[in-house]
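First comes the structure, then the notes that go with it.
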Amino acid sequence: MNQQSDSNQTHFGYKTVDKDNKASMVAGVFHSVAAKYDLMNDLLSMGIHRIWKRFTIDCSGVRAGHKVLDLAGGTGDLAAKFSRLVGEKGQVVLADINDSMLKVGRDKLRDKGIVGNIDYVQANAECLPFPDNHFDLITIAFGLRNVTDKDKALASMFRVLKPGGRLLVLEFSKPEIEALSKAYDLYSFHVLPKVGQLVVGDAESYQYLAESIRMHPDQDTLKGMMEDVGFEQVTYHNLTGGIVALHRGFKF
């Protein structure tokens with residue numbers, strides 16, 4: 001499932017496409033869903049995504065004064081929490097490759113009065129525009145599976161992380177039980193696109209999202225990928241039976 005860096009082909013869901021085209025195709029998906037992204041998250045996960053994100057915050061080790069990069073930060077759920085934790089002397093960067101998602105996140109956080117210690121940067125995870133050894137923590141929640149070259153992105157994250165810092169990757173993964181896996185497939189490919197059509201008027205984007213989850217590396221494969229670029233003490237926690245996993249790795 002891991003894409004080889006010397007190939008010009010990659011996956012867009014179940015389709016094989018040129019690597020050069022994937023970013024714009026993914027952008028099209030998120031331009032389409034940005035306005036109702038939060039609503040769809042609540043509907044499709046029955047609100048459980050909030051528990052997954054709470055667990056991620058609890059595993060972050062973030063303290064006052066820290067610098068945090070919330071990568072593929074979308075509509076800012078994690079960034080909002082981190083802004084409060086790092087305080088006035090800290091900094092949170094909400095970064096996303098998609099300007100529609102970034103605008104929704106910025107407007108949402110400003111409406112909540114979250115300003116002052118948070119910046120917004122449109123950035124590609126594969127070539128992050130930040131100095132070496134800069135952040136205490138990097139999170140990427142439900143974004144890594146959409147990245148074209150995941151190895152390159154993980155290496156870029158490793159570069160900008162401070163020694164002693166940690167990376168948290170929250171992502172859909174492989175269910176641990178076969179019966180759960182079958183039920184999840186049924187839900188993903190039959191229910192999810194129909195809800196997408198009903199609420200957003202876009203079944204195709206949600207079909208892609210279901211397919212992209214199946215093409216993402218499983219728990220142990222992703223653990224190995226993180227280790228290959230230099231992360232140490234890499235562990236993962238399965239959540240909701242492995243439907244989602246939180247990977248954690250350190251830079252020493």
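A note on labels: chains of the structure tokens are A, B, ... as shown, every chain counts residues from 1, and ligands are counted from 1 in their shown order.
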**Message:** Would you pick out the contacts of Asp185 of chain A at 12 Å or less, using only C-alpha atoms, so that residues sharing its chain but fewer than 4 positions from it are not included, and give the list as a PyMOL selection string?
**Reply:** chain A and resi 174-175+178-181+189-192+207+210-211+213-214+243
Take the residues from that selection and write them out as an mmCIF file, in the first residue's frame, keeping C-alpha atoms.
data_model
loop_
_atom_site.group_PDB
_atom_site.id
_atom_site.type_symbol
_atom_site.label_atom_id
_atom_site.label_comp_id
_atom_site.auth_asym_id
_atom_site.auth_seq_id
_atom_site.Cartn_x
_atom_site.Cartn_y
_atom_site.Cartn_z
ATOM 1 C CA LYS A 174 -7.613 -1.326 9.638
ATOM 2 C CA PRO A 175 -10.306 -2.750 11.958
ATOM 3 C CA GLU A 178 -13.328 -9.260 10.632
ATOM 4 C CA ALA A 179 -17.003 -8.760 11.485
ATOM 5 C CA LEU A 180 -16.362 -5.085 12.275
ATOM 6 C CA SER A 181 -14.407 -4.715 9.049
ATOM 7 C CA PHE A 189 -19.467 2.301 0.545
ATOM 8 C CA HIS A 190 -23.256 2.338 0.817
ATOM 9 C CA VAL A 191 -24.212 4.818 3.544
ATOM 10 C CA LEU A 192 -21.410 7.385 3.431
ATOM 11 C CA GLN A 207 -16.829 7.678 -2.341
ATOM 12 C CA ALA A 210 -14.054 5.773 1.648
ATOM 13 C CA GLU A 211 -11.636 4.431 -0.958
ATOM 14 C CA ILE A 213 -9.147 4.953 3.780
ATOM 15 C CA ARG A 214 -8.805 1.454 2.288
ATOM 16 C CA ILE A 243 -11.291 1.891 12.620
#
**Prompt:** How would you write, as an NGL selection string, the set of residues in segment 50-251 of chain A that DSSP gives as strand (DSSP E)?
**Reply:** :A and (67-71 or 91-96 or 118-122 or 135-141 or 161-172 or 232-239 or 244-250)
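Across the structure, atom CA of Ala80 of chain A and atom CA of Phe231 of chain A are spaced 26.3 Å apart.
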**Message:** Using DSSP assignments from the backbone, pull out every residue in segment 7-248 of chain A that falls under helix (DSSP H, G or I) and give it to me as a ChimeraX atom specification.
**Reply:** /A:19-45,49-58,77-86,99-111,125-127,144-146,150-160,178-199,203-215,219-228,240-242
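Distances from A:Ser212, A:Gln122, A:Thr148, A:Thr139 to Phe172 of chain A were compared using only C-alpha atoms, and the smallest one belongs to A:Ser212.
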**Asked** Do you know which residues are at most 7 Å from Pro163 of chain A counting only C-alpha atoms, after dropping those on the same chain fewer than 5 positions away, and could you put them as a list of chain:residue names?
**Response**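 With the cut-off at 7 Å, the set is A:Asn133, A:Lys251, A:Phe252.
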**Prompt:** By how many Å are atom CA of Leu198 of chain A and atom CA of Gly47 of chain A apart?
**Reply:**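 Atom CA of Leu198 of chain A sits 18.5 Å away from atom CA of Gly47 of chain A.
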**Asked** Between A:Tyr208, A:Phe55, A:Tyr120, A:Phe158, which one has atoms that come closest to Phe135 of chain A, using only C-alpha atoms?
**Response**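 The answer is A:Phe158, which sits nearest to Phe135 of chain A.
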**Asked** In Å, with one decimal, what is the gap from atom CA of Thr235 of chain A to atom CA of Thr221 of chain A?
**Response** 11.8 Å
**Message:** Need the shell around Asp136 of chain A: protein/DNA/RNA residues with any atom at most 7 Å away, counting only C-alpha atoms. Skip same-chain ones fewer than 2 positions apart. Format as a PyMOL selection string?
**Reply:** chain A and resi 66-68+134+161-162+165-166
Produce a file of the selected residues containing all heavy atoms, as an mmCIF file, in the first residue's frame.
data_model
loop_
_atom_site.group_PDB
_atom_site.id
_atom_site.type_symbol
_atom_site.label_atom_id
_atom_site.label_comp_id
_atom_site.auth_asym_id
_atom_site.auth_seq_id
_atom_site.Cartn_x
_atom_site.Cartn_y
_atom_site.Cartn_z
ATOM 1 N N HIS A 66 4.781 26.081 24.321
ATOM 2 C CA HIS A 66 5.160 25.184 23.227
ATOM 3 C C HIS A 66 4.759 25.743 21.860
ATOM 4 O O HIS A 66 3.828 26.551 21.752
ATOM 5 C CB HIS A 66 4.498 23.817 23.405
ATOM 6 C CG HIS A 66 5.284 22.877 24.264
ATOM 7 N ND1 HIS A 66 4.889 21.590 24.543
ATOM 8 C CD2 HIS A 66 6.471 23.034 24.913
ATOM 9 C CE1 HIS A 66 5.780 20.999 25.306
ATOM 10 N NE2 HIS A 66 6.739 21.860 25.554
ATOM 11 N N LYS A 67 5.467 25.273 20.838
ATOM 12 C CA LYS A 67 5.116 25.556 19.443
ATOM 13 C C LYS A 67 4.527 24.297 18.833
ATOM 14 O O LYS A 67 5.154 23.229 18.859
ATOM 15 C CB LYS A 67 6.356 25.991 18.653
ATOM 16 C CG LYS A 67 6.907 27.343 19.058
ATOM 17 C CD LYS A 67 8.120 27.703 18.219
ATOM 18 C CE LYS A 67 8.676 29.075 18.617
ATOM 19 N NZ LYS A 67 9.894 29.408 17.851
ATOM 20 N N VAL A 68 3.322 24.442 18.287
ATOM 21 C CA VAL A 68 2.577 23.295 17.761
ATOM 22 C C VAL A 68 2.233 23.534 16.298
ATOM 23 O O VAL A 68 1.783 24.623 15.926
ATOM 24 C CB VAL A 68 1.274 23.072 18.568
ATOM 25 C CG1 VAL A 68 0.453 21.944 17.963
ATOM 26 C CG2 VAL A 68 1.592 22.796 20.031
ATOM 27 N N HIS A 134 11.957 23.131 14.823
ATOM 28 C CA HIS A 134 11.167 24.321 15.176
ATOM 29 C C HIS A 134 9.995 24.027 16.115
ATOM 30 O O HIS A 134 9.695 24.828 17.000
ATOM 31 C CB HIS A 134 10.644 24.962 13.892
ATOM 32 C CG HIS A 134 9.979 26.287 14.083
ATOM 33 N ND1 HIS A 134 10.675 27.424 14.453
ATOM 34 C CD2 HIS A 134 8.663 26.659 13.981
ATOM 35 C CE1 HIS A 134 9.824 28.443 14.552
ATOM 36 N NE2 HIS A 134 8.601 27.995 14.282
ATOM 37 N N LEU A 161 10.587 19.168 13.350
ATOM 38 C CA LEU A 161 10.325 18.868 14.752
ATOM 39 C C LEU A 161 11.599 19.042 15.579
ATOM 40 O O LEU A 161 12.694 18.695 15.143
ATOM 41 C CB LEU A 161 9.838 17.419 14.858
ATOM 42 C CG LEU A 161 9.082 16.982 16.110
ATOM 43 C CD1 LEU A 161 7.798 17.776 16.300
ATOM 44 C CD2 LEU A 161 8.768 15.487 16.013
ATOM 45 N N LYS A 162 11.450 19.610 16.769
ATOM 46 C CA LYS A 162 12.594 19.770 17.674
ATOM 47 C C LYS A 162 13.037 18.411 18.212
ATOM 48 O O LYS A 162 12.202 17.511 18.385
ATOM 49 C CB LYS A 162 12.206 20.642 18.877
ATOM 50 C CG LYS A 162 12.022 22.106 18.601
ATOM 51 C CD LYS A 162 11.637 22.810 19.915
ATOM 52 C CE LYS A 162 11.391 24.295 19.711
ATOM 53 N NZ LYS A 162 10.949 24.945 20.973
ATOM 54 N N GLY A 165 10.799 16.386 20.523
ATOM 55 C CA GLY A 165 9.419 16.608 20.103
ATOM 56 C C GLY A 165 8.746 15.329 19.642
ATOM 57 O O GLY A 165 9.398 14.305 19.430
ATOM 58 N N ARG A 166 7.436 15.423 19.470
ATOM 59 C CA ARG A 166 6.699 14.234 19.051
ATOM 60 C C ARG A 166 5.751 14.531 17.900
ATOM 61 O O ARG A 166 5.273 15.663 17.738
ATOM 62 C CB ARG A 166 5.927 13.631 20.221
ATOM 63 C CG ARG A 166 4.736 14.439 20.706
ATOM 64 C CD ARG A 166 4.093 13.813 21.950
ATOM 65 N NE ARG A 166 4.878 14.059 23.150
ATOM 66 C CZ ARG A 166 4.566 13.574 24.358
ATOM 67 N NH1 ARG A 166 3.494 12.823 24.521
ATOM 68 N NH2 ARG A 166 5.321 13.858 25.405
#
**Top pick for closest residue to Gly230 of chain A, considering A:Asp218, A:Glu204, A:Asp151, A:Asp18 and counting only C-alpha atoms** =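 Nearest to Gly230 of chain A: A:Asp151.
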**Asked** With only C-alpha atoms as the atoms that count, which of A:Pro193, A:Glu227, A:Leu168, A:Val160 lies nearest to Ser60 of chain A?
**Response**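 Checking each of A:Pro193, A:Glu227, A:Leu168, A:Val160 against Ser60 of chain A, counting only C-alpha atoms, the winner is A:Leu168.
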Could you give me, as JSON lines, every segment 109-199 of chain A residue with an atom at most 12 Å from segment 92-95 of chain A, plus its closest atom pair and distance in Å to one decimal, counting only C-alpha atoms, rows ordered by chain then number?
{"residue": "A:Leu109", "atom": "CA", "partner": "A:Leu94", "partner_atom": "CA", "distance": 10.5}
{"residue": "A:Ile114", "atom": "CA", "partner": "A:Val92", "partner_atom": "CA", "distance": 10.8}
{"residue": "A:Val115", "atom": "CA", "partner": "A:Val92", "partner_atom": "CA", "distance": 10.2}
{"residue": "A:Gly116", "atom": "CA", "partner": "A:Val92", "partner_atom": "CA", "distance": 9.6}
{"residue": "A:Asn117", "atom": "CA", "partner": "A:Val92", "partner_atom": "CA", "distance": 6.2}
{"residue": "A:Ile118", "atom": "CA", "partner": "A:Val92", "partner_atom": "CA", "distance": 4.7}
{"residue": "A:Asp119", "atom": "CA", "partner": "A:Val93", "partner_atom": "CA", "distance": 4.8}
{"residue": "A:Tyr120", "atom": "CA", "partner": "A:Leu94", "partner_atom": "CA", "distance": 5.0}
{"residue": "A:Val121", "atom": "CA", "partner": "A:Ala95", "partner_atom": "CA", "distance": 4.7}
{"residue": "A:Gln122", "atom": "CA", "partner": "A:Ala95", "partner_atom": "CA", "distance": 5.5}
{"residue": "A:Ala123", "atom": "CA", "partner": "A:Ala95", "partner_atom": "CA", "distance": 5.9}
{"residue": "A:Asn124", "atom": "CA", "partner": "A:Ala95", "partner_atom": "CA", "distance": 8.4}
{"residue": "A:Ala125", "atom": "CA", "partner": "A:Ala95", "partner_atom": "CA", "distance": 8.7}
{"residue": "A:Leu128", "atom": "CA", "partner": "A:Ala95", "partner_atom": "CA", "distance": 9.4}
{"residue": "A:Pro129", "atom": "CA", "partner": "A:Ala95", "partner_atom": "CA", "distance": 10.2}
{"residue": "A:Phe130", "atom": "CA", "partner": "A:Val93", "partner_atom": "CA", "distance": 10.4}
{"residue": "A:His134", "atom": "CA", "partner": "A:Val93", "partner_atom": "CA", "distance": 11.4}
{"residue": "A:Phe135", "atom": "CA", "partner": "A:Val92", "partner_atom": "CA", "distance": 9.3}
{"residue": "A:Asp136", "atom": "CA", "partner": "A:Val92", "partner_atom": "CA", "distance": 10.3}
{"residue": "A:Leu137", "atom": "CA", "partner": "A:Val92", "partner_atom": "CA", "distance": 9.6}
{"residue": "A:Ile138", "atom": "CA", "partner": "A:Val93", "partner_atom": "CA", "distance": 9.6}
{"residue": "A:Thr139", "atom": "CA", "partner": "A:Leu94", "partner_atom": "CA", "distance": 9.9}
{"residue": "A:Ile140", "atom": "CA", "partner": "A:Ala95", "partner_atom": "CA", "distance": 9.6}
{"residue": "A:Ala141", "atom": "CA", "partner": "A:Ala95", "partner_atom": "CA", "distance": 11.6}
{"residue": "A:Gly143", "atom": "CA", "partner": "A:Ala95", "partner_atom": "CA", "distance": 11.0}
**Item:** Among listed residues A:Cys59, A:Leu246, A:Met101, A:Met157, nearest Thr75 of chain A (using only C-alpha atoms)
**Value:**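 Nearest to Thr75 of chain A: A:Met101.
Residue nearest Gly241 of chain A within the list A:Leu186, A:Leu69, A:Ile177, A:Val62: A:Ile177 [criterion: smallest interatomic distance, only C-alpha atoms].
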**Request:** Quick one: everything within 12 Å of Asp228 of chain A, counting only C-alpha atoms, minus sequence neighbours fewer than 5 positions away in the same chain. Send it as a VMD selection string.
**Result:** chain A and resid 150 to 152 154 to 155 158 221 to 223 234 249
Spatial neighbours of Asp58 of chain A, 12 Å, only C-alpha atoms, chain gap at least 6 places, as a compact mmCIF listing (two decimals) with C-alpha atoms, in the first residue's frame:
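The resulting result32.txt:
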# COMPACT_ATOMS: atom_id res chain seq x y z
CA ILE A 51 -13.48 11.47 21.37
CA TRP A 52 -10.67 10.48 18.97
CA LEU A 78 -7.24 20.45 17.37
CA LYS A 81 -7.57 23.17 21.95
CA PHE A 82 -3.83 23.65 21.48
CA LEU A 85 -2.93 24.88 26.16
CA LEU A 168 0.93 12.34 16.41
CA LEU A 246 -3.26 7.14 16.76
